[in-house]
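Okay, so here's the structure we're looking at.
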Amino acid sequence: MRSALFRLLFLLLLLALAFAAGQRFTRLPAPVPAPVVTEGGGDRPLAPVSARGDLAADEQTTIELFRSSSPSVVYITSLAVRRDLFRLNVLEIPRGAGSGFLWDDAGHVITNYHVVQNADAAQVTLADRSVWDAKLVGAAPEKDLAVLRIEAPRAQLRPLPVGSSADLAVGQKVFAIGNPFGLDQTLTTGVISALGREIDSVGGVPIRDVIQTDAAINPGNSGGPLLDSAGRLIGVNTAIYSPSGAYAGIGFAIPVDTVRWVVPDLLAYGRVHRPALGVHLAAAEVVRGWRLNGALVVDVVPGSGAELAGIRPTRRDRRGRLELGDLIVAVDGEPVASSADLLLALERHRPGATVSVTLERDGTRRDVAVVLGEGS
């Protein structure tokens, strides 16, 4: 009897549980299908697209300039060569990056000297993503310029048209293309903010007539081209002024007129053929100590143009008193206030040229004609 009663209670309990479970599941809401969003309709249609109309004229100009110029801009990776002592392998490790541009269809690439300085090797990546080993052809550290060469087919090489920096104007629109922070083929725009700036090169020699621009120039842009609105090369981006090292609205570019006379020498000789007067000059501290304004001649090279022109060196008289040499105060009418000024005035000439040198001697000035020799 008890067994029958126990089975009955057990069945009633099972029925109660089944009823409760059924009630729970019937209370669940039916699944709602996800809305489908389409342009033609649906639960949540997209907002209609307004007609844009034609691009503004300056936008179209910028787009076309980038399309035509960007294939000429390259990405440069400088490499350090290291030897694996355990496997006896030679490894090429990237140590820096910058920009450059194609100078001609012979594979010559222009960049900043500091981009490849102290590199054991370099690679150039073209706009079509092909990578080429590069050879250093020549360098001018005092101008922060270097020439590389790659063995790419001529069909892949599109050199930039070259303009002039002699007729630039403040406010003129400019365009910079490069690889800031490794982001290749980046275009920035701006204006010429100032002309005739002076910055120091890697070797500490001042570079004059530098272009200042507000076009964004960041690390990695170095060596890339600065273009005018016609897509012509007018400068080589080289430096920024920024306490943080990032863009701060002030960038500098080496003027293309400097590039035009430096590059032929680098292609022909691997270095710049500098003219020389044939004199040794006093250090800047010495000149300041004597409160002089010019380039003080300490010694004259025998047989040089300076000796033939009668330029006098510093020497001692019979009593041992110091007689200062000639003070060079101008070259071809251009004032010279220091030895750096003299070097910059001479670099506009070639060896063998004749220049007019203004000397100050014993309180009087005189002009002498000097045939320039070749510097080291």
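Identifiers in the structure tokens: chain A, B, ... in order shown; residue index from 1 per chain; ligand index from 1 in order shown.
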| What are the DSSP alpha helix (DSSP H) residues of segment 258-292 of chain A, as JSON, numbers by chain? | {"A": [258, 259, 260, 261, 262, 263, 264, 265, 266, 267, 268, 269, 284, 285, 286, 287, 288, 289]}
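Near segment 289-292 of chain A, within 12 Å and counting only C-alpha atoms, sit Ala282, Ala283, Leu324, Gly325, Asp326, Leu327, Ile328, Val329, Val336, Ala337, Ser338, Ser339, Glu360, Arg361 and Gly363 of chain A; same-chain residues fewer than 6 positions away were not included.
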What does the file look like for those residues with C-alpha atoms, as a PDB file, in the first residue's frame?
```pdb
ATOM      1  CA  ALA A 282      92.324  83.026 -38.196  1.00  0.00           C
ATOM      2  CA  ALA A 283      89.799  81.317 -35.941  1.00  0.00           C
ATOM      3  CA  LEU A 324      98.260  91.437 -38.560  1.00  0.00           C
ATOM      4  CA  GLY A 325      97.703  90.244 -42.099  1.00  0.00           C
ATOM      5  CA  ASP A 326      95.145  91.565 -44.531  1.00  0.00           C
ATOM      6  CA  LEU A 327      91.531  91.567 -43.451  1.00  0.00           C
ATOM      7  CA  ILE A 328      89.194  90.382 -46.220  1.00  0.00           C
ATOM      8  CA  VAL A 329      86.011  92.454 -45.996  1.00  0.00           C
ATOM      9  CA  VAL A 336      82.417  89.478 -45.616  1.00  0.00           C
ATOM     10  CA  ALA A 337      82.111  89.599 -41.832  1.00  0.00           C
ATOM     11  CA  SER A 338      83.693  86.221 -41.001  1.00  0.00           C
ATOM     12  CA  SER A 339      85.531  83.266 -42.467  1.00  0.00           C
ATOM     13  CA  GLU A 360      91.664  96.214 -45.330  1.00  0.00           C
ATOM     14  CA  ARG A 361      95.319  96.946 -44.558  1.00  0.00           C
ATOM     15  CA  GLY A 363      93.327 101.291 -42.042  1.00  0.00           C
TER      16      GLY A 363
END
```
Can you pull out every residue within 10 Å of segment 160-169 of chain A, counting only C-alpha atoms, but drop anything in the same chain fewer than 5 positions away, and send it as a VMD selection string?
chain A and resid 68 to 73 101 to 105 191 to 195 209 to 211 225 227 to 228 230 to 235 254 to 260
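Take the candidates A:Val147, A:Leu226, A:Val298, A:Ile250 and check each one against Leu266 of chain A using only C-alpha atoms; the shortest distance goes to A:Val147.
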Self-check item: Non-local contacts of segment 127-130 of chain A (12 Å; only C-alpha atoms; under 2 positions in same chain excluded) as a PyMOL selection string
Solution: chain A and resi 67-76+99-102+123-125+132-133+150-153+155-158+177-179+184-186
I need the chosen residues saved as a PDB file, in the first residue's frame, with C-alpha atoms.
```pdb
ATOM      1  CA  ARG A  67      49.299  62.123 -59.176  1.00  0.00           C
ATOM      2  CA  SER A  68      52.028  63.405 -61.466  1.00  0.00           C
ATOM      3  CA  SER A  69      54.733  63.990 -58.830  1.00  0.00           C
ATOM      4  CA  SER A  70      54.355  61.140 -56.330  1.00  0.00           C
ATOM      5  CA  PRO A  71      55.886  58.475 -58.648  1.00  0.00           C
ATOM      6  CA  SER A  72      59.133  60.485 -58.471  1.00  0.00           C
ATOM      7  CA  VAL A  73      59.332  60.359 -54.664  1.00  0.00           C
ATOM      8  CA  VAL A  74      61.102  57.422 -53.001  1.00  0.00           C
ATOM      9  CA  TYR A  75      61.448  55.924 -49.539  1.00  0.00           C
ATOM     10  CA  ILE A  76      65.020  55.454 -48.306  1.00  0.00           C
ATOM     11  CA  SER A  99      62.737  60.424 -48.293  1.00  0.00           C
ATOM     12  CA  GLY A 100      64.299  61.233 -51.628  1.00  0.00           C
ATOM     13  CA  PHE A 101      63.388  61.844 -55.240  1.00  0.00           C
ATOM     14  CA  LEU A 102      64.505  60.783 -58.693  1.00  0.00           C
ATOM     15  CA  GLN A 123      67.774  50.645 -49.982  1.00  0.00           C
ATOM     16  CA  VAL A 124      65.388  52.696 -52.106  1.00  0.00           C
ATOM     17  CA  THR A 125      61.697  51.845 -52.375  1.00  0.00           C
ATOM     18  CA  TRP A 132      66.438  48.445 -54.907  1.00  0.00           C
ATOM     19  CA  ASP A 133      69.879  48.395 -53.351  1.00  0.00           C
ATOM     20  CA  ILE A 150      69.873  52.430 -58.165  1.00  0.00           C
ATOM     21  CA  GLU A 151      69.926  49.972 -61.064  1.00  0.00           C
ATOM     22  CA  ALA A 152      66.212  50.166 -61.856  1.00  0.00           C
ATOM     23  CA  PRO A 153      64.862  50.026 -65.436  1.00  0.00           C
ATOM     24  CA  ALA A 155      60.691  52.688 -67.531  1.00  0.00           C
ATOM     25  CA  GLN A 156      60.237  52.764 -63.729  1.00  0.00           C
ATOM     26  CA  LEU A 157      62.060  56.078 -63.265  1.00  0.00           C
ATOM     27  CA  ARG A 158      60.203  59.389 -63.477  1.00  0.00           C
ATOM     28  CA  ILE A 177      55.769  64.875 -50.503  1.00  0.00           C
ATOM     29  CA  GLY A 178      57.585  62.353 -48.350  1.00  0.00           C
ATOM     30  CA  ASN A 179      57.394  59.553 -45.822  1.00  0.00           C
ATOM     31  CA  ASP A 184      54.924  56.688 -47.457  1.00  0.00           C
ATOM     32  CA  GLN A 185      53.544  58.918 -50.202  1.00  0.00           C
ATOM     33  CA  THR A 186      52.218  61.593 -47.851  1.00  0.00           C
TER      34      THR A 186
END
```
re atom CA of Leu281 of chain A and atom CA of Gln117 of chain A: distance 28.6 Å
Strand (DSSP E or B) positions in segment 141-350 of chain A, given as a ChimeraX atom specification = /A:145-149,162,173-178,186-200,206-213,225-227,233-240,251-255,275-276,279-281,295-300,315-316,322-323,327-331,334-335
**Request:** With a distance cut-off of 6 Å and only C-alpha atoms, select the neighbouring residues of Arg149 of chain A, excluding the residue or stretch itself and same-chain residues fewer than 4 positions from it, and output the selection as a list of chain:residue names.
**Result:** A:Gly107, A:His108, A:Val109, A:Ala134, A:Lys135
Selection to disk with C-alpha atoms, as a compact mmCIF listing (two decimals), in the first residue's frame:
```
# COMPACT_ATOMS: atom_id res chain seq x y z
CA GLY A 107 68.70 56.04 -61.47
CA HIS A 108 70.20 58.92 -59.48
CA VAL A 109 68.33 59.76 -56.28
CA ALA A 134 71.43 51.85 -53.53
CA LYS A 135 75.03 52.95 -54.00
```
Non-local contacts of Val301 of chain A (7 Å; only C-alpha atoms; under 4 positions in same chain excluded) as a PyMOL selection string: chain A and resi 278-279+307
What would the file look like if the residues just selected were written as a CSV table (one decimal), in the first residue's frame with C-alpha atoms?
```csv
chain,number,residue,atom,x,y,z
A,278,GLY,CA,95.0,80.2,-51.2
A,279,VAL,CA,94.9,81.6,-47.7
A,307,GLU,CA,100.2,85.2,-53.3
```
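Picture a line from atom CA of Leu267 of chain A to atom CA of Ile199 of chain A; it runs 24.7 Å.
With atom CA of Asp144 of chain A on one side and atom CA of Asn112 of chain A on the other, the separation reads 5.2 Å.
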May I have the residues within 12 Å of segment 365-375 of chain A as a PyMOL selection string, using only C-alpha atoms and disregarding those fewer than 5 positions away in the same chain? chain A and resi 271-280+301-312+326-333+343+346-360
Atoms to include: C-alpha atoms. Write the selected residues as a PDB file, in the first residue's frame.
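Result written to selection_24.pdb:
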```
ATOM      1  CA  ARG A 271      82.325  65.677 -53.760  1.00  0.00           C
ATOM      2  CA  VAL A 272      81.951  69.399 -54.298  1.00  0.00           C
ATOM      3  CA  HIS A 273      84.783  71.090 -56.186  1.00  0.00           C
ATOM      4  CA  ARG A 274      85.375  74.096 -53.982  1.00  0.00           C
ATOM      5  CA  PRO A 275      87.284  77.145 -55.119  1.00  0.00           C
ATOM      6  CA  ALA A 276      90.055  78.461 -52.891  1.00  0.00           C
ATOM      7  CA  LEU A 277      91.802  81.812 -52.491  1.00  0.00           C
ATOM      8  CA  GLY A 278      94.953  80.163 -51.209  1.00  0.00           C
ATOM      9  CA  VAL A 279      94.898  81.596 -47.685  1.00  0.00           C
ATOM     10  CA  HIS A 280      94.652  80.282 -44.140  1.00  0.00           C
ATOM     11  CA  VAL A 301      99.806  79.414 -49.760  1.00  0.00           C
ATOM     12  CA  PRO A 302     102.940  79.730 -51.948  1.00  0.00           C
ATOM     13  CA  GLY A 303     102.139  79.966 -55.656  1.00  0.00           C
ATOM     14  CA  SER A 304      98.427  80.543 -55.017  1.00  0.00           C
ATOM     15  CA  GLY A 305      96.256  83.217 -56.544  1.00  0.00           C
ATOM     16  CA  ALA A 306      96.347  85.069 -53.218  1.00  0.00           C
ATOM     17  CA  GLU A 307     100.157  85.239 -53.251  1.00  0.00           C
ATOM     18  CA  LEU A 308     100.225  86.394 -56.863  1.00  0.00           C
ATOM     19  CA  ALA A 309      97.692  89.127 -55.989  1.00  0.00           C
ATOM     20  CA  GLY A 310      99.891  90.363 -53.135  1.00  0.00           C
ATOM     21  CA  ILE A 311      97.680  89.406 -50.201  1.00  0.00           C
ATOM     22  CA  ARG A 312      99.714  89.765 -47.017  1.00  0.00           C
ATOM     23  CA  ASP A 326      95.145  91.565 -44.531  1.00  0.00           C
ATOM     24  CA  LEU A 327      91.531  91.567 -43.451  1.00  0.00           C
ATOM     25  CA  ILE A 328      89.194  90.382 -46.220  1.00  0.00           C
ATOM     26  CA  VAL A 329      86.011  92.454 -45.996  1.00  0.00           C
ATOM     27  CA  ALA A 330      84.298  91.767 -49.335  1.00  0.00           C
ATOM     28  CA  VAL A 331      84.290  89.513 -52.409  1.00  0.00           C
ATOM     29  CA  ASP A 332      82.863  90.950 -55.636  1.00  0.00           C
ATOM     30  CA  GLY A 333      81.256  93.660 -53.543  1.00  0.00           C
ATOM     31  CA  LEU A 343      83.496  80.511 -47.848  1.00  0.00           C
ATOM     32  CA  LEU A 346      83.480  81.881 -52.856  1.00  0.00           C
ATOM     33  CA  GLU A 347      81.208  78.871 -53.373  1.00  0.00           C
ATOM     34  CA  ARG A 348      79.263  80.761 -56.012  1.00  0.00           C
ATOM     35  CA  HIS A 349      82.351  80.550 -58.246  1.00  0.00           C
ATOM     36  CA  ARG A 350      84.274  77.757 -59.884  1.00  0.00           C
ATOM     37  CA  PRO A 351      88.022  77.058 -59.669  1.00  0.00           C
ATOM     38  CA  GLY A 352      89.812  79.159 -62.279  1.00  0.00           C
ATOM     39  CA  ALA A 353      87.425  82.095 -61.990  1.00  0.00           C
ATOM     40  CA  THR A 354      88.719  85.574 -61.139  1.00  0.00           C
ATOM     41  CA  VAL A 355      87.136  87.455 -58.246  1.00  0.00           C
ATOM     42  CA  SER A 356      87.614  90.937 -56.821  1.00  0.00           C
ATOM     43  CA  VAL A 357      88.706  90.786 -53.190  1.00  0.00           C
ATOM     44  CA  THR A 358      88.468  93.866 -50.976  1.00  0.00           C
ATOM     45  CA  LEU A 359      91.231  94.026 -48.365  1.00  0.00           C
ATOM     46  CA  GLU A 360      91.664  96.214 -45.330  1.00  0.00           C
TER      47      GLU A 360
END
```
